[in-house]
file coords_27.txt (compact mmCIF, C-alpha atoms and all ligand atoms)
# COMPACT_ATOMS: atom_id res chain seq x y z
CA MET A 282 13.50 4.42 -11.62
CA ASP A 283 11.99 1.33 -13.29
CA ILE A 284 10.09 -0.20 -10.40
CA LYS A 285 8.53 -2.88 -12.64
CA SER A 286 12.03 -4.21 -13.45
CA ILE A 287 12.91 -4.12 -9.76
CA TYR A 288 9.84 -6.27 -8.96
CA MET A 289 10.58 -8.66 -11.85
CA ASP A 290 14.27 -8.99 -10.93
CA ALA A 291 13.27 -9.88 -7.36
CA ASN A 292 10.70 -12.47 -8.58
CA ALA A 293 8.10 -10.32 -6.84
CA LEU A 294 5.73 -9.99 -9.79
CA LEU A 295 3.89 -13.31 -9.60
CA GLU A 296 1.74 -14.66 -12.41
CA GLY A 297 -1.04 -17.18 -11.74
CA HIS A 298 -4.57 -16.95 -10.33
CA PHE A 299 -4.73 -15.03 -7.10
CA LYS A 300 -7.35 -14.08 -4.58
CA LEU A 301 -6.53 -10.56 -3.34
CA SER A 302 -7.31 -9.22 0.13
CA SER A 303 -10.24 -7.29 -1.38
CA GLY A 304 -11.78 -10.66 -2.41
CA ASN A 305 -11.26 -9.99 -6.11
CA HIS A 306 -9.24 -12.26 -8.40
CA SER A 307 -6.21 -11.32 -10.50
CA GLN A 308 -3.71 -12.94 -12.81
CA TYR A 309 -0.89 -11.04 -11.12
CA TYR A 310 0.26 -10.49 -7.58
CA LEU A 311 2.93 -8.13 -6.31
CA GLN A 312 4.91 -9.73 -3.49
CA SER A 313 6.56 -6.59 -2.11
CA ALA A 314 8.23 -8.50 0.72
CA LYS A 315 10.50 -10.12 -1.89
CA VAL A 316 11.61 -6.69 -3.12
CA LEU A 317 12.07 -5.35 0.41
CA GLU A 318 14.11 -8.34 1.65
CA ASP A 319 17.11 -6.40 0.35
CA PRO A 320 17.43 -3.42 2.72
CA LYS A 321 19.43 -1.49 0.10
CA THR A 322 16.51 -1.76 -2.35
CA ALA A 323 14.04 -0.79 0.38
CA LYS A 324 16.16 2.27 1.18
CA LEU A 325 16.45 3.25 -2.50
CA LEU A 326 12.69 2.99 -3.11
CA ALA A 327 11.80 4.81 0.11
CA GLU A 328 14.21 7.64 -0.67
CA ALA A 329 12.66 8.12 -4.12
CA LEU A 330 9.19 8.19 -2.54
CA ALA A 331 10.36 10.59 0.18
CA GLN A 332 11.75 12.89 -2.51
CA GLN A 333 8.31 13.12 -4.18
CA ILE A 334 6.68 13.93 -0.84
CA LYS A 335 9.27 16.60 0.03
CA GLU A 336 8.90 18.19 -3.42
CA SER A 337 5.13 18.48 -2.92
CA GLY A 338 5.81 20.77 0.05
CA ILE A 339 3.44 19.00 2.49
CA HIS A 340 4.52 18.67 6.12
CA ILE A 341 4.42 15.23 7.77
CA ASP A 342 4.90 14.55 11.48
CA THR A 343 4.42 10.79 11.35
CA VAL A 344 4.18 7.83 8.98
CA CYS A 345 1.63 5.17 9.96
CA SER A 346 1.28 1.80 8.22
CA PRO A 347 -1.38 -0.86 8.53
CA ALA A 348 0.32 -4.11 9.61
CA LEU A 349 1.52 -6.42 8.25
CA GLY A 350 1.94 -5.50 4.60
CA GLY A 351 2.88 -1.85 5.00
CA LEU A 352 5.41 -2.16 7.82
CA ILE A 353 8.69 -2.34 5.94
CA ALA A 354 7.77 0.26 3.30
CA GLY A 355 6.43 2.57 6.03
CA PHE A 356 9.46 2.20 8.25
CA ALA A 357 11.83 2.83 5.33
CA LEU A 358 9.81 5.89 4.27
CA ALA A 359 9.76 7.31 7.81
CA THR A 360 13.53 6.84 7.95
CA ALA A 361 13.97 8.69 4.64
CA LEU A 362 11.67 11.51 5.82
CA ASP A 363 13.25 11.52 9.30
CA VAL A 364 9.87 11.33 11.07
CA ARG A 365 8.21 9.05 13.61
CA PHE A 366 6.85 5.66 12.52
CA ILE A 367 3.83 3.91 14.04
CA PHE A 368 1.52 1.14 12.87
CA THR A 369 -2.03 -0.03 13.25
CA GLU A 370 -3.00 -3.68 13.41
CA ARG A 371 -6.16 -5.65 13.03
CA ILE A 372 -7.59 -6.81 16.35
CA GLU A 373 -10.60 -9.13 15.90
CA GLY A 374 -11.15 -7.65 12.47
CA LYS A 375 -10.94 -4.00 13.52
CA MET A 376 -7.94 -1.75 12.74
CA ALA A 377 -6.50 -0.38 15.99
CA LEU A 378 -3.51 1.55 17.32
CA ARG A 379 -1.93 -0.50 20.11
CA ARG A 380 1.47 -0.99 21.80
CA GLY A 381 1.41 2.35 23.61
CA PHE A 382 1.44 4.42 20.41
CA GLU A 383 -0.22 7.80 20.93
CA ILE A 384 -1.49 10.48 18.57
CA THR A 385 -1.33 14.14 19.57
CA GLU A 386 -4.17 16.49 18.63
CA GLY A 387 -3.67 17.71 15.05
CA GLU A 388 -0.65 15.46 14.37
CA LYS A 389 -0.11 15.28 10.63
CA VAL A 390 0.01 11.67 9.53
CA LEU A 391 0.81 10.03 6.21
CA VAL A 392 -0.56 6.50 5.81
CA CYS A 393 1.87 4.21 3.95
CA GLU A 394 1.18 0.82 2.36
CA ASP A 395 3.47 -1.36 0.23
CA ILE A 396 0.90 -1.46 -2.58
CA ILE A 397 -2.33 0.53 -2.81
CA THR A 398 -5.06 -1.53 -4.46
CA THR A 399 -8.42 -0.02 -3.52
CA GLY A 400 -6.97 1.58 -0.37
CA GLY A 401 -9.33 -0.18 2.04
CA SER A 402 -6.77 -1.01 4.75
CA ALA A 403 -5.13 2.41 4.43
CA MET A 404 -8.52 4.07 4.98
CA GLU A 405 -9.22 1.91 8.03
CA ALA A 406 -5.86 2.97 9.50
CA GLY A 407 -6.70 6.58 8.62
CA PHE A 408 -10.09 6.46 10.38
CA GLU A 409 -8.41 5.16 13.55
CA ILE A 410 -5.81 7.98 13.46
CA GLU A 411 -8.53 10.61 13.00
CA ARG A 412 -10.67 9.07 15.75
CA LEU A 413 -7.66 9.61 18.06
CA GLY A 414 -7.28 13.28 17.05
CA GLY A 415 -4.71 13.04 14.26
CA GLU A 416 -5.02 14.48 10.79
CA VAL A 417 -4.44 12.23 7.79
CA ILE A 418 -2.96 14.46 5.13
CA ALA A 419 -1.69 12.03 2.50
CA PHE A 420 -1.30 8.40 1.46
CA ALA A 421 1.75 6.68 0.00
CA ALA A 422 2.75 3.31 -1.43
CA LEU A 423 5.63 1.90 -3.42
CA ALA A 424 3.20 1.19 -6.25
CA ASN A 425 -0.42 1.88 -7.13
CA ARG A 426 -2.55 -0.88 -8.64
CA GLY A 427 -4.29 1.64 -10.90
CA PHE A 428 -7.61 2.09 -9.09
CA CYS A 429 -6.64 5.26 -7.27
CA LYS A 430 -5.21 8.47 -8.67
CA ARG A 431 -1.50 8.76 -8.02
CA ASN A 432 0.11 12.18 -7.70
CA GLY A 433 1.63 13.06 -11.09
CA SER A 434 0.05 10.15 -13.04
CA ALA A 435 -2.27 10.48 -16.02
CA LEU A 436 -4.33 7.45 -14.87
CA GLY A 437 -7.69 8.47 -13.46
CA ARG A 438 -9.44 7.40 -10.27
CA LYS A 439 -11.80 4.42 -10.61
CA THR A 440 -15.04 3.98 -8.69
CA ASN A 441 -13.69 1.19 -6.46
CA CYS A 442 -10.94 3.42 -5.03
CA SER A 443 -11.61 3.94 -1.30
CA LEU A 444 -9.17 6.82 -0.83
CA PRO A 445 -10.55 10.37 -0.67
CA ASP A 446 -9.93 12.35 -3.87
CA ASN A 447 -8.92 15.48 -1.94
CA LYS A 448 -5.79 13.95 -0.38
CA PRO A 449 -2.68 13.10 -2.40
CA LEU A 450 -1.49 9.56 -3.04
CA PHE A 451 2.26 9.32 -3.61
CA ALA A 452 3.61 6.20 -5.34
CA LEU A 453 6.55 5.36 -7.57
CA ALA A 454 4.57 3.67 -10.36
CA ASP A 455 1.20 2.40 -11.54
CA PHE A 456 0.80 -1.36 -11.98
CA ASP A 457 -2.45 -1.30 -13.89
CA PHE A 458 -3.58 -4.97 -13.86
CA GLU A 459 -7.09 -6.26 -14.46
CA MET A 460 -8.96 -7.41 -11.36
CA TYR A 461 -12.11 -9.55 -11.48
CA ALA A 462 -15.06 -10.13 -9.18
CA PRO A 463 -15.07 -13.86 -8.26
CA ASP A 464 -18.32 -14.47 -10.17
CA ASN A 465 -16.94 -12.76 -13.28
CA CYS A 466 -13.38 -14.10 -13.43
CA PRO A 467 -12.10 -15.54 -16.74
CA LEU A 468 -9.45 -17.55 -14.86
CA CYS A 469 -12.17 -19.25 -12.80
CA VAL A 470 -14.09 -19.93 -16.05
CA GLU A 471 -10.97 -21.68 -17.38
CA GLY A 472 -11.25 -23.99 -14.36
CA SER A 473 -8.33 -23.03 -12.12
CA GLU A 474 -8.74 -22.15 -8.47
CA ALA A 475 -7.72 -18.76 -7.08
CA ILE A 476 -5.11 -19.03 -4.35
CA LYS A 477 -4.52 -16.56 -1.56
CA PRO A 478 -0.97 -15.20 -1.78
CA GLY A 479 0.97 -16.25 1.29
CA SER A 480 -0.69 -19.66 1.35
CA ARG A 481 0.80 -22.76 -0.30
CA GLY A 482 4.28 -21.39 0.02
CA ASN A 483 4.00 -18.42 -2.34
ZN ZN A 501 -10.80 -16.36 -10.44
call {"tool": "encode", "arguments": {"input": "coords_27.txt", "output": "structure tokens"}}
result
Amino acid sequence: MDIKSIYMDANALLEGHFKLSSGNHSQYYLQSAKVLEDPKTAKLLAEALAQQIKESGIHIDTVCSPALGGLIAGFALATALDVRFIFTERIEGKMALRRGFEITEGEKVLVCEDIITTGGSAMEAGFEIERLGGEVIAFAALANRGFCKRNGSALGRKTNCSLPDNKPLFALADFDFEMYAPDNCPLCVEGSEAIKPGSRGN
């Protein structure tokens, strides 16, 4: 499956000067919502990801996604794996499990994002699950931005990856783009202003 073509065909691989949720700047932004607006594509991608997870032999009770970005990918993956789906959300800056969702002691949870960059939000969701007695056994995303080590990829783990190196990350592809600290960004040096994806209509 050529996931890069799927993103390009959906106009979901944006080029410009973006401020990412981590605060870093990048020339590219992956707008997964544009890919997932077609439920058939969402189903196809989630089934390919589910296949990888099944082949690894790990057992999952539940998929949990951090809202908002991971919701559609997580729901589609849970459907393909035929397991429960829950989500965490940020309440006054802190990731929390709300809406009556419960975690049973030892429940095996996979945390799913649309894209894993450094894995910060996924880790925050994971800490909340473990605080409530669950066990985070793996992470998954449609694509990996190249900072974390994806199961089956030759790309190594970089120091700014937040995910633990003893738990697998499943993803369909690596999108290995450069990312810059705001004070060391060549696009800023050229004089343009970084925009936050989702603002100004993008
Ligand atoms: Zn910049």
call {"tool": "residues_near_ligand", "arguments": {"input": "coords_27.txt", "ligand": "ligand ZN 501 (chain A)", "cutoff": "12 Å", "atoms": "all atoms listed in the file", "output": "PyMOL selection string"}}
result
chain A and resi 297-301+304-309+459-477
call {"tool": "write_last_selection", "arguments": {"input": "coords_27.txt", "atoms": "C-alpha atoms", "output": "PDB file, keeping the file's coordinate frame"}}
result
ATOM      1  CA  GLY A 297      -1.040 -17.180 -11.740  1.00  0.00           C
ATOM      2  CA  HIS A 298      -4.570 -16.950 -10.330  1.00  0.00           C
ATOM      3  CA  PHE A 299      -4.730 -15.030  -7.100  1.00  0.00           C
ATOM      4  CA  LYS A 300      -7.350 -14.080  -4.580  1.00  0.00           C
ATOM      5  CA  LEU A 301      -6.530 -10.560  -3.340  1.00  0.00           C
ATOM      6  CA  GLY A 304     -11.780 -10.660  -2.410  1.00  0.00           C
ATOM      7  CA  ASN A 305     -11.260  -9.990  -6.110  1.00  0.00           C
ATOM      8  CA  HIS A 306      -9.240 -12.260  -8.400  1.00  0.00           C
ATOM      9  CA  SER A 307      -6.210 -11.320 -10.500  1.00  0.00           C
ATOM     10  CA  GLN A 308      -3.710 -12.940 -12.810  1.00  0.00           C
ATOM     11  CA  TYR A 309      -0.890 -11.040 -11.120  1.00  0.00           C
ATOM     12  CA  GLU A 459      -7.090  -6.260 -14.460  1.00  0.00           C
ATOM     13  CA  MET A 460      -8.960  -7.410 -11.360  1.00  0.00           C
ATOM     14  CA  TYR A 461     -12.110  -9.550 -11.480  1.00  0.00           C
ATOM     15  CA  ALA A 462     -15.060 -10.130  -9.180  1.00  0.00           C
ATOM     16  CA  PRO A 463     -15.070 -13.860  -8.260  1.00  0.00           C
ATOM     17  CA  ASP A 464     -18.320 -14.470 -10.170  1.00  0.00           C
ATOM     18  CA  ASN A 465     -16.940 -12.760 -13.280  1.00  0.00           C
ATOM     19  CA  CYS A 466     -13.380 -14.100 -13.430  1.00  0.00           C
ATOM     20  CA  PRO A 467     -12.100 -15.540 -16.740  1.00  0.00           C
ATOM     21  CA  LEU A 468      -9.450 -17.550 -14.860  1.00  0.00           C
ATOM     22  CA  CYS A 469     -12.170 -19.250 -12.800  1.00  0.00           C
ATOM     23  CA  VAL A 470     -14.090 -19.930 -16.050  1.00  0.00           C
ATOM     24  CA  GLU A 471     -10.970 -21.680 -17.380  1.00  0.00           C
ATOM     25  CA  GLY A 472     -11.250 -23.990 -14.360  1.00  0.00           C
ATOM     26  CA  SER A 473      -8.330 -23.030 -12.120  1.00  0.00           C
ATOM     27  CA  GLU A 474      -8.740 -22.150  -8.470  1.00  0.00           C
ATOM     28  CA  ALA A 475      -7.720 -18.760  -7.080  1.00  0.00           C
ATOM     29  CA  ILE A 476      -5.110 -19.030  -4.350  1.00  0.00           C
ATOM     30  CA  LYS A 477      -4.520 -16.560  -1.560  1.00  0.00           C
TER      31      LYS A 477
END
call {"tool": "closest_residue", "arguments": {"input": "coords_27.txt", "among": "A:Glu370, A:Asp457, A:Glu383, A:Glu318", "to": "Ala406 in chain A", "atoms": "all atoms listed in the file"}}
result
A:Glu370
call {"tool": "residues_near_point", "arguments": {"input": "coords_27.txt", "point": "(-5.0, 10.5, -7.0)", "cutoff": "12 Å", "atoms": "all atoms listed in the file", "output": "VMD selection string"}}
result
chain A and resid 397 399 to 400 419 to 422 425 to 439 442 to 452 455
call {"tool": "closest_residue", "arguments": {"input": "coords_27.txt", "among": "A:Asp283, A:Glu409, A:Glu394, A:Glu296", "to": "Ala377 in chain A", "atoms": "all atoms listed in the file"}}
result
A:Glu409
call {"tool": "closest_residue", "arguments": {"input": "coords_27.txt", "among": "A:Phe408, A:Asp363, A:Thr385, A:Leu349", "to": "Gln332 in chain A", "atoms": "all atoms listed in the file"}}
result
A:Asp363
call {"tool": "atom_distance", "arguments": {"input": "coords_27.txt", "atom1": "CA of Gly355 in chain A", "atom2": "CA of Leu330 in chain A"}}
result
10.6 Å
call {"tool": "residues_around", "arguments": {"input": "coords_27.txt", "residues": "Thr360 in chain A", "least_positions_apart": "3", "cutoff": "12 Å", "atoms": "only C-alpha atoms", "output": "JSON, numbers by chain"}}
result
{"A": [323, 324, 325, 326, 327, 328, 330, 331, 343, 344, 353, 354, 355, 356, 357, 363, 364, 365, 366, 367]}
call {"tool": "atom_distance", "arguments": {"input": "coords_27.txt", "atom1": "CA of Phe368 in chain A", "atom2": "CA of Leu391 in chain A"}}
result
11.1 Å
call {"tool": "closest_residue", "arguments": {"input": "coords_27.txt", "among": "A:Val392, A:Leu362, A:Ile334, A:Ala329", "to": "Ala348 in chain A", "atoms": "all atoms listed in the file"}}
result
A:Val392
call {"tool": "atom_distance", "arguments": {"input": "coords_27.txt", "atom1": "CA of Lys389 in chain A", "atom2": "CA of Cys345 in chain A"}}
result
10.3 Å
call {"tool": "closest_residue", "arguments": {"input": "coords_27.txt", "among": "A:Ile418, A:Met376, A:Leu358, A:Leu413", "to": "Gly401 in chain A", "atoms": "only C-alpha atoms"}}
result
A:Met376
call {"tool": "axis_aligned_box", "arguments": {"input": "coords_27.txt", "around": "range 392-409 of chain A", "padding_each_side": "5 Å", "output": "AutoDock Vina command-line options"}}
result
--center_x -3.3 --center_y 2.5 --center_z 4.5 --size_x 23.6 --size_y 18.1 --size_z 28.0
call {"tool": "closest_residue", "arguments": {"input": "coords_27.txt", "among": "A:Lys315, A:Glu386, A:Thr398, A:Phe456", "to": "Gly415 in chain A", "atoms": "all atoms listed in the file"}}
result
A:Glu386
call {"tool": "residues_near_point", "arguments": {"input": "coords_27.txt", "point": "(1.0, -9.4, -7.4)", "cutoff": "7 Å", "atoms": "only C-alpha atoms", "output": "list in words"}}
result
Leu294, Leu295, Tyr309, Tyr310, Leu311 and Gln312 of chain A
call {"tool": "decode", "arguments": {"input": "coords_27.txt", "residues": "range 393-407 of chain A", "atoms": "all heavy atoms", "output": "mmCIF file, in the first residue's frame"}}
result
data_model
loop_
_atom_site.group_PDB
_atom_site.id
_atom_site.type_symbol
_atom_site.label_atom_id
_atom_site.label_comp_id
_atom_site.auth_asym_id
_atom_site.auth_seq_id
_atom_site.Cartn_x
_atom_site.Cartn_y
_atom_site.Cartn_z
ATOM 1 N N CYS A 393 -3.806 4.618 19.883
ATOM 2 C CA CYS A 393 -3.765 4.880 18.435
ATOM 3 C C CYS A 393 -3.910 6.369 18.120
ATOM 4 O O CYS A 393 -4.837 7.022 18.595
ATOM 5 C CB CYS A 393 -4.869 4.096 17.737
ATOM 6 S SG CYS A 393 -4.875 4.303 15.941
ATOM 7 N N GLU A 394 -2.992 6.868 17.328
ATOM 8 C CA GLU A 394 -3.016 8.250 16.821
ATOM 9 C C GLU A 394 -3.239 8.212 15.309
ATOM 10 O O GLU A 394 -3.105 7.153 14.696
ATOM 11 C CB GLU A 394 -1.660 8.911 17.093
ATOM 12 C CG GLU A 394 -1.539 9.527 18.464
ATOM 13 C CD GLU A 394 -2.140 10.940 18.494
ATOM 14 O OE1 GLU A 394 -3.031 11.235 17.678
ATOM 15 O OE2 GLU A 394 -1.708 11.729 19.333
ATOM 16 N N ASP A 395 -3.518 9.346 14.685
ATOM 17 C CA ASP A 395 -3.506 9.367 13.212
ATOM 18 C C ASP A 395 -2.058 9.365 12.725
ATOM 19 O O ASP A 395 -1.667 8.547 11.905
ATOM 20 C CB ASP A 395 -4.329 10.526 12.638
ATOM 21 C CG ASP A 395 -3.943 11.881 13.209
ATOM 22 O OD1 ASP A 395 -3.159 11.942 14.174
ATOM 23 O OD2 ASP A 395 -4.431 12.895 12.680
ATOM 24 N N ILE A 396 -1.259 10.290 13.272
ATOM 25 C CA ILE A 396 0.164 10.372 12.941
ATOM 26 C C ILE A 396 0.953 10.407 14.248
ATOM 27 O O ILE A 396 0.582 11.144 15.169
ATOM 28 C CB ILE A 396 0.475 11.687 12.174
ATOM 29 C CG1 ILE A 396 -0.378 11.820 10.909
ATOM 30 C CG2 ILE A 396 1.970 11.791 11.865
ATOM 31 C CD1 ILE A 396 0.010 10.923 9.773
ATOM 32 N N ILE A 397 2.006 9.638 14.341
ATOM 33 C CA ILE A 397 2.915 9.740 15.494
ATOM 34 C C ILE A 397 4.065 10.661 15.095
ATOM 35 O O ILE A 397 4.784 10.388 14.135
ATOM 36 C CB ILE A 397 3.479 8.360 15.913
ATOM 37 C CG1 ILE A 397 2.407 7.519 16.618
ATOM 38 C CG2 ILE A 397 4.715 8.526 16.811
ATOM 39 C CD1 ILE A 397 2.120 7.874 18.063
ATOM 40 N N THR A 398 4.196 11.780 15.805
ATOM 41 C CA THR A 398 5.356 12.644 15.581
ATOM 42 C C THR A 398 6.362 12.283 16.663
ATOM 43 O O THR A 398 7.118 11.341 16.494
ATOM 44 C CB THR A 398 4.942 14.133 15.569
ATOM 45 O OG1 THR A 398 3.915 14.291 14.581
ATOM 46 C CG2 THR A 398 6.112 15.029 15.195
ATOM 47 N N THR A 399 6.339 12.974 17.802
ATOM 48 C CA THR A 399 7.223 12.532 18.891
ATOM 49 C C THR A 399 6.497 11.572 19.843
ATOM 50 O O THR A 399 7.122 10.945 20.684
ATOM 51 C CB THR A 399 7.743 13.735 19.696
ATOM 52 O OG1 THR A 399 6.623 14.420 20.247
ATOM 53 C CG2 THR A 399 8.538 14.678 18.812
ATOM 54 N N GLY A 400 5.177 11.481 19.710
ATOM 55 C CA GLY A 400 4.404 10.565 20.558
ATOM 56 C C GLY A 400 3.975 11.157 21.890
ATOM 57 O O GLY A 400 3.524 10.442 22.774
ATOM 58 N N GLY A 401 4.082 12.475 22.021
ATOM 59 C CA GLY A 401 3.756 13.137 23.290
ATOM 60 C C GLY A 401 2.315 12.920 23.742
ATOM 61 O O GLY A 401 2.079 12.504 24.883
ATOM 62 N N SER A 402 1.361 13.156 22.858
ATOM 63 C CA SER A 402 -0.059 12.988 23.235
ATOM 64 C C SER A 402 -0.384 11.530 23.496
ATOM 65 O O SER A 402 -1.147 11.202 24.418
ATOM 66 C CB SER A 402 -0.973 13.503 22.121
ATOM 67 O OG SER A 402 -0.757 14.860 21.903
ATOM 68 N N ALA A 403 0.193 10.637 22.703
ATOM 69 C CA ALA A 403 -0.035 9.194 22.895
ATOM 70 C C ALA A 403 0.466 8.766 24.272
ATOM 71 O O ALA A 403 -0.189 7.992 24.976
ATOM 72 C CB ALA A 403 0.662 8.400 21.798
ATOM 73 N N MET A 404 1.617 9.296 24.674
ATOM 74 C CA MET A 404 2.167 8.952 25.993
ATOM 75 C C MET A 404 1.280 9.479 27.109
ATOM 76 O O MET A 404 1.058 8.804 28.113
ATOM 77 C CB MET A 404 3.579 9.530 26.153
ATOM 78 C CG MET A 404 4.654 8.705 25.494
ATOM 79 S SD MET A 404 4.638 6.981 26.023
ATOM 80 C CE MET A 404 5.320 7.140 27.666
ATOM 81 N N GLU A 405 0.777 10.704 26.940
ATOM 82 C CA GLU A 405 -0.115 11.270 27.960
ATOM 83 C C GLU A 405 -1.372 10.404 28.118
ATOM 84 O O GLU A 405 -1.822 10.150 29.234
ATOM 85 C CB GLU A 405 -0.522 12.691 27.581
ATOM 86 C CG GLU A 405 0.554 13.716 27.788
ATOM 87 C CD GLU A 405 0.049 15.094 27.414
ATOM 88 O OE1 GLU A 405 -0.870 15.588 28.086
ATOM 89 O OE2 GLU A 405 0.550 15.656 26.423
ATOM 90 N N ALA A 406 -1.921 9.943 26.994
ATOM 91 C CA ALA A 406 -3.086 9.049 27.050
ATOM 92 C C ALA A 406 -2.687 7.748 27.749
ATOM 93 O O ALA A 406 -3.423 7.215 28.585
ATOM 94 C CB ALA A 406 -3.604 8.771 25.647
ATOM 95 N N GLY A 407 -1.502 7.249 27.423
ATOM 96 C CA GLY A 407 -1.009 6.011 28.023
ATOM 97 C C GLY A 407 -0.837 6.110 29.533
ATOM 98 O O GLY A 407 -1.200 5.195 30.270
#
